[in-house]
Every structure is written in C-alpha cells, then in structure tokens.
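Below you'll find the structure, written out as structure tokens, and then a few comments.
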Amino acid sequence: MQYDSLKSEDSKISFATVYNSLEFLVSNGYVKKLDLDCDSARFDALLENHSHLVCNRCGEVIDVPAMAVPESDFLQKFDFTPEEISITIRGICRHCRSN
Ligand SMILES: [Zn+2]
C-alpha cells in the first residue's frame, strides 16, 4: 500500500521533472515548444524554420521544409515585420486515409 502510494508519488515527480527540464531547454533555445493548439504540449528539436503537417486522426506531426507564406502581401500591407512564421497544415495522413 505504502509502496504503491510512494510509487505513484514518484511518477508524479518524474513527470514534473521531465516537464520542467523540457521547459528549461525551451527557454534556452535547445528545443522549441510547438504551438499546435492540441491538448498536450509538443516539443521540437528541429530548430530550423520548418512547417508541420498534423494528422487530425492519429495526431502524427510531420516536419516539412518551411513553406512560403501564401498571403505574404499582408506583411507589407500592414507594415509588419515577422519574427517567427509557423505554418501548420491539418489533415489526414496516408496511414489513416488507407484505413
Ligand atoms: Zn493519421
């Protein structure tokens, strides 16, 4: 009984430790936290500018080379200087489509 409660307490601590370590890596620029608007936080070790394809069914995230911004005219129109551009395309991956 006591062992079980200790054990579950331990896994809580390890999860928090892992999460805090990830946050540390993010704040120091080693990994990037993805702003994908899903229930769980995702972290990206690929820091080069790139885009994401996200499967709506299985949640797979595929890294692809940075895509051009389709409406880049707006940057000029609003005299806006982009510091980070993230393009996420949501859809159905080939595995889910063939099932
Ligand atoms: Zn899928």
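Convention: chains lettered A, B, ... in structure tokens order; per-chain residue numbering from 1; ligands numbered from 1 as shown.
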Could you list, with a cut-off of 7 Å and counting only C-alpha atoms and all ligand atoms, the residues of chain A near ligand 1, each shown with its nearest atom pair and the distance in Å rounded to one decimal, rows sorted by chain and ascending number, as CSV?
residue,atom,partner,partner_atom_place_in_ligand_line,distance
A:Cys55,CA,ligand 1,1 (Zn),4.6
A:Asn56,CA,ligand 1,1 (Zn),6.6
A:Arg57,CA,ligand 1,1 (Zn),5.0
A:Cys58,CA,ligand 1,1 (Zn),4.1
A:Gly59,CA,ligand 1,1 (Zn),6.1
A:Glu60,CA,ligand 1,1 (Zn),5.7
A:Ile92,CA,ligand 1,1 (Zn),5.5
A:Cys93,CA,ligand 1,1 (Zn),4.2
A:Arg94,CA,ligand 1,1 (Zn),6.7
A:His95,CA,ligand 1,1 (Zn),5.7
A:Cys96,CA,ligand 1,1 (Zn),4.4
Report as a PyMOL selection string all protein, DNA and RNA residues lying within 9 Å of Asn49 in chain A, evaluated on only C-alpha atoms, omitting residues in the same chain fewer than 5 positions from it.
chain A and resi 65-66+84-86
Could you give me, as a PDB file with N, CA and C atoms, in the first residue's frame, each residue of range 49-87 of chain A that DSSP assigns to helix (DSSP H, G or I) when run on this structure's backbone?
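Output (states.pdb):
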ATOM      1  N   ASP A  73       1.647  39.248 -48.944  1.00  0.00           N
ATOM      2  CA  ASP A  73       1.340  40.644 -49.262  1.00  0.00           C
ATOM      3  C   ASP A  73       0.874  41.406 -48.024  1.00  0.00           C
ATOM      4  N   PHE A  74       0.207  40.683 -47.119  1.00  0.00           N
ATOM      5  CA  PHE A  74      -0.316  41.329 -45.916  1.00  0.00           C
ATOM      6  C   PHE A  74       0.798  41.884 -45.036  1.00  0.00           C
ATOM      7  N   LEU A  75       1.985  41.236 -45.077  1.00  0.00           N
ATOM      8  CA  LEU A  75       3.091  41.721 -44.263  1.00  0.00           C
ATOM      9  C   LEU A  75       3.449  43.140 -44.681  1.00  0.00           C
ATOM     10  N   GLN A  76       3.470  43.368 -45.983  1.00  0.00           N
ATOM     11  CA  GLN A  76       3.751  44.715 -46.498  1.00  0.00           C
ATOM     12  C   GLN A  76       2.591  45.646 -46.228  1.00  0.00           C
ATOM     13  N   LYS A  77       1.406  45.141 -46.488  1.00  0.00           N
ATOM     14  CA  LYS A  77       0.216  45.965 -46.354  1.00  0.00           C
ATOM     15  C   LYS A  77       0.084  46.533 -44.942  1.00  0.00           C
TER      16      LYS A  77
END
